[in-house]
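Structure file data_26.pdb (PDB, C-alpha atoms) follows.
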ATOM      1  CA  MET A   1     123.256  91.151  95.672
ATOM      2  CA  MET A   2     120.633  93.300  94.047
ATOM      3  CA  ILE A   3     121.762  92.327  90.548
ATOM      4  CA  GLN A   4     120.874  88.695  91.233
ATOM      5  CA  GLN A   5     117.322  89.660  92.204
ATOM      6  CA  ILE A   6     116.474  92.255  89.598
ATOM      7  CA  THR A   7     115.592  89.836  86.764
ATOM      8  CA  ARG A   8     113.317  87.687  88.943
ATOM      9  CA  ARG A   9     111.601  90.772  90.334
ATOM     10  CA  LEU A  10     111.125  92.228  86.855
ATOM     11  CA  GLN A  11     109.528  88.908  85.847
ATOM     12  CA  GLU A  12     106.956  89.461  88.629
ATOM     13  CA  VAL A  13     106.178  92.924  87.261
ATOM     14  CA  ASN A  14     105.912  91.515  83.735
ATOM     15  CA  MET A  15     103.531  88.804  84.941
ATOM     16  CA  LEU A  16     101.327  91.488  86.469
ATOM     17  CA  LEU A  17     101.343  93.536  83.284
ATOM     18  CA  ALA A  18     100.484  90.469  81.200
ATOM     19  CA  THR A  19      97.547  89.466  83.403
ATOM     20  CA  CYS A  20      96.066  92.593  84.990
ATOM     21  CA  ARG A  21      92.967  94.337  83.776
ATOM     22  CA  GLN A  22      92.698  98.093  83.597
ATOM     23  CA  ASP A  23      89.402  98.322  85.495
ATOM     24  CA  ARG A  24      90.701  97.288  88.932
ATOM     25  CA  ILE A  25      94.145  96.760  90.418
ATOM     26  CA  THR A  26      94.288  95.310  93.898
ATOM     27  CA  PHE A  27      96.817  95.961  96.634
ATOM     28  CA  GLU A  28      98.383  92.563  96.005
ATOM     29  CA  GLN A  29      98.803  93.390  92.323
ATOM     30  CA  ALA A  30     100.216  96.853  93.003
ATOM     31  CA  LEU A  31     102.783  95.579  95.476
ATOM     32  CA  PRO A  32     105.360  94.017  93.057
ATOM     33  CA  PRO A  33     105.868  97.131  90.889
ATOM     34  CA  SER A  34     105.991  99.349  93.990
ATOM     35  CA  LEU A  35     108.572  97.152  95.684
ATOM     36  CA  PHE A  36     110.530  96.866  92.437
ATOM     37  CA  TYR A  37     110.759 100.645  92.212
ATOM     38  CA  ARG A  38     111.624 101.007  95.896
ATOM     39  CA  ASP A  39     114.367  98.395  95.759
ATOM     40  CA  PHE A  40     115.945  99.249  92.402
ATOM     41  CA  HIS A  41     115.507 102.995  91.875
ATOM     42  CA  ASP A  42     119.045 103.715  93.113
ATOM     43  CA  THR A  43     120.882 103.143  89.851
ATOM     44  CA  ASN A  44     124.193 104.322  91.308
ATOM     45  CA  SER A  45     124.313 101.377  93.704
ATOM     46  CA  LEU A  46     123.378  98.996  90.863
ATOM     47  CA  VAL A  47     126.201 100.343  88.709
ATOM     48  CA  LYS A  48     128.634 100.072  91.623
ATOM     49  CA  GLU A  49     127.560  96.477  92.255
ATOM     50  CA  ALA A  50     127.929  95.646  88.553
ATOM     51  CA  GLY A  51     131.419  97.128  88.542
ATOM     52  CA  LEU A  52     132.449  95.024  91.534
ATOM     53  CA  LEU A  53     130.966  91.900  89.974
ATOM     54  CA  PHE A  54     132.764  92.651  86.711
ATOM     55  CA  ARG A  55     136.092  92.624  88.553
ATOM     56  CA  GLU A  56     135.218  89.423  90.431
ATOM     57  CA  ASP A  57     133.363  87.364  87.830
ATOM     58  CA  ALA A  58     132.707  88.978  84.452
ATOM     59  CA  GLU A  59     131.121  85.831  83.027
ATOM     60  CA  ARG A  60     128.544  85.765  85.806
ATOM     61  CA  LEU A  61     127.788  89.453  85.213
ATOM     62  CA  LEU A  62     127.297  88.665  81.519
ATOM     63  CA  GLY A  63     124.737  85.995  82.456
ATOM     64  CA  PHE A  64     122.848  88.421  84.687
ATOM     65  CA  SER A  65     122.887  91.155  82.056
ATOM     66  CA  THR A  66     121.711  88.794  79.302
ATOM     67  CA  SER A  67     118.724  87.619  81.327
ATOM     68  CA  LEU A  68     117.961  91.190  82.383
ATOM     69  CA  CYS A  69     118.041  92.373  78.749
ATOM     70  CA  SER A  70     115.607  89.623  77.807
ATOM     71  CA  GLU A  71     113.237  90.473  80.641
ATOM     72  CA  THR A  72     113.509  94.180  79.824
ATOM     73  CA  GLU A  73     112.498  93.485  76.234
ATOM     74  CA  THR A  74     109.445  91.660  77.551
ATOM     75  CA  TYR A  75     108.607  94.604  79.823
ATOM     76  CA  LEU A  76     108.894  97.089  76.964
ATOM     77  CA  SER A  77     106.666  94.958  74.742
ATOM     78  CA  LEU A  78     103.843  94.776  77.291
ATOM     79  CA  ASP A  79     100.991  97.249  77.626
ATOM     80  CA  ARG A  80     101.753  99.378  80.695
ATOM     81  CA  ALA A  81      98.542 101.405  80.360
ATOM     82  CA  PRO A  82      96.746  99.550  83.201
ATOM     83  CA  LEU A  83      99.275 100.915  85.692
ATOM     84  CA  GLN A  84      99.190 104.520  84.477
ATOM     85  CA  PRO A  85      95.974 105.632  86.236
ATOM     86  CA  VAL A  86      96.715 103.770  89.491
ATOM     87  CA  ASP A  87      97.053 105.970  92.557
ATOM     88  CA  PHE A  88      99.454 103.741  94.475
ATOM     89  CA  GLU A  89      99.491 105.955  97.560
ATOM     90  CA  ALA A  90      95.694 105.914  97.901
ATOM     91  CA  LEU A  91      95.629 102.166  97.272
ATOM     92  CA  PHE A  92      98.146 101.529 100.052
ATOM     93  CA  GLU A  93      96.400 103.910 102.462
ATOM     94  CA  GLU A  94      93.112 102.085 101.896
ATOM     95  CA  HIS A  95      94.828  98.769 102.565
ATOM     96  CA  LEU A  96      96.297 100.084 105.833
ATOM     97  CA  LYS A  97      93.015 101.417 107.302
ATOM     98  CA  PRO A  98      91.988  98.182 109.089
ATOM     99  CA  PHE A  99      95.453  97.889 110.630
ATOM    100  CA  GLU A 100      95.371 101.497 111.794
ATOM    101  CA  LEU A 101      91.991 100.882 113.440
ATOM    102  CA  ARG A 102      93.353  97.802 115.240
ATOM    103  CA  HIS A 103      96.361  99.833 116.357
ATOM    104  CA  GLU A 104      94.139 102.569 117.800
ATOM    105  CA  GLU A 105      92.025  99.978 119.629
ATOM    106  CA  ALA A 106      95.139  98.327 121.077
ATOM    107  CA  LYS A 107      96.551 101.704 122.095
ATOM    108  CA  ALA A 108      93.310 102.618 123.880
ATOM    109  CA  ALA A 109      93.255  99.257 125.688
ATOM    110  CA  ALA A 110      96.902  99.697 126.730
ATOM    111  CA  THR A 111      96.141 103.163 128.038
ATOM    112  CA  ARG A 112      93.300 101.802 130.163
ATOM    113  CA  LEU A 113      95.446  98.946 131.486
ATOM    114  CA  LEU A 114      98.324 101.248 132.362
ATOM    115  CA  ALA A 115      95.952 103.626 134.101
ATOM    116  CA  ARG A 116      94.594 100.749 136.196
ATOM    117  CA  LEU A 117      98.076  99.411 136.897
ATOM    118  CA  PHE A 118      99.428 102.719 138.121
ATOM    119  CA  GLY A 119      96.186 104.002 139.646
ATOM    120  CA  ASP A 120      96.014 106.898 137.224
ATOM    121  CA  GLU A 121      92.482 108.179 136.766
ATOM    122  CA  GLN A 122      93.118 110.516 133.820
ATOM    123  CA  PRO A 123      91.825 108.585 130.783
ATOM    124  CA  ALA A 124      91.760 111.672 128.545
ATOM    125  CA  ARG A 125      95.533 111.598 127.996
ATOM    126  CA  PRO A 126      97.090 108.717 126.038
ATOM    127  CA  ALA A 127      99.481 106.327 127.749
ATOM    128  CA  SER A 128     102.439 107.690 125.859
ATOM    129  CA  ALA A 129     101.819 111.156 127.332
ATOM    130  CA  ARG A 130     100.946 110.087 130.889
ATOM    131  CA  PHE A 131     103.664 107.504 131.403
ATOM    132  CA  GLY A 132     106.603 109.164 129.655
ATOM    133  CA  GLY A 133     108.494 109.232 132.938
ATOM    134  CA  ILE A 134     107.072 106.303 134.917
ATOM    135  CA  GLN A 135     107.352 106.361 138.693
ATOM    136  CA  ASP A 136     108.897 103.096 139.897
ATOM    137  CA  PRO A 137     106.762 102.024 142.899
ATOM    138  CA  ARG A 138     109.540  99.787 144.274
ATOM    139  CA  ARG A 139     112.216 102.449 144.484
ATOM    140  CA  GLY A 140     110.365 105.709 144.255
ATOM    141  CA  MET A 141     112.615 106.641 141.311
ATOM    142  CA  ARG A 142     111.862 107.692 137.759
ATOM    143  CA  ARG A 143     112.653 104.919 135.261
ATOM    144  CA  GLY A 144     112.666 106.753 131.993
ATOM    145  CA  LYS A 145     111.562 109.613 129.884
ATOM    146  CA  GLY A 146     110.763 107.800 126.609
ATOM    147  CA  LYS A 147     107.496 106.482 125.341
ATOM    148  CA  VAL A 148     105.999 103.369 126.887
TER     149      VAL A 148
END

Could you write out this file's structure as structure tokens?
Amino acid sequence: MMIQQITRRLQEVNMLLATCRQDRITFEQALPPSLFYRDFHDTNSLVKEAGLLFREDAERLLGFSTSLCSETETYLSLDRAPLQPVDFEALFEEHLKPFELRHEEAKAAATRLLARLFGDEQPARPASARFGGIQDPRRGMRRGKGKV
């Protein structure tokens, strides 16, 4: 249930706000508020879940709402200015660059290996383009039309 998680996750955001400095926010620091927004921005599903929980166990819902109100008060009392200038998209793109480079290297190595395996001497085209419909050497039949 999302309602069970929301208070704990808001505590993580509050901890970040209480401890972060405005001069530099790292990827690791930016992750909790980004994930919080991603996971809890659909208020309709939260309201639906609360309605179901109210019918099943109103006392439990009251406990969740009380703790959420407390954590929300903490959030509203904290200085959110350090997060205002953060370009989350650029921060995440910068974090992904090394992984993208490793992916490109692995893709190039796979292309070379597939070319050697199938005797293809056309290294200019990527493996996904050359081997979209791989010729099965055992049967002389085409195995597929998707990406390798």

Could you give me, as a ChimeraX atom specification, the residues within 10 Å of A:Ile6, counting only C-alpha atoms and dropping anything in the same chain fewer than 6 positions from it?
/A:12,36,39-40,46,64-65,67-68,71

Could you tell me which residues the PyMOL selection byres ((chain A and resi 81) around 12) grabs in this file, written as a list in words?
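On the file shown, the PyMOL selection byres ((chain A and resi 81) around 12) covers Leu16, Leu17, Ala18, Cys20, Arg21, Gln22, Asp23, Ile25, Leu76, Ser77, Leu78, Asp79, Arg80, Pro82, Leu83, Gln84, Pro85 and Val86 of chain A.
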
Evaluate the PyMOL selection byres ((chain A and resi 92) around 10) here and jot the selected residues down as a count of residues only.
15

Å distance separating atom CA of A:Leu62 from atom CA of A:Asn44, one decimal place:
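One can read the atom CA of A:Leu62 to atom CA of A:Asn44 distance as 18.7 Å.
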
Axis-aligned box for all listed atoms of stretch 93-109 of chain A, 6 Å per side, centre and edges in Å to one decimal, as lines of an AutoDock Vina configuration file:
center_x = 94.3
center_y = 100.9
center_z = 113.8
size_x = 16.6
size_y = 18.1
size_z = 35.8

What is the atom CA of A:Val13 to atom CA of A:Glu100 distance in Å?
28.1 Å

For a test of reading the model, state the distance in Å between atom CA of A:Lys48 and atom CA of A:Asn14, rounded to one decimal.
25.5 Å

In terms of the shortest atom-to-atom distance over all atoms listed in the file, which of A:Leu35, A:Ala58, A:Ala108, A:Leu53 is closest to A:Met1?
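Ranked by minimum distance to A:Met1, first place goes to A:Leu53.
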
Pick from A:Ser70, A:Leu101, A:Thr111, A:Phe118: nearest to A:Arg8, with only C-alpha atoms counted?
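Distance minimum relative to A:Arg8 lands on A:Ser70.
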
I'd like to know which of A:Val47, A:Met2, A:Leu52, A:Leu10 is closest to A:Pro32, using all atoms listed in the file.
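With all atoms listed in the file as the atom set, the closest residue is A:Leu10.
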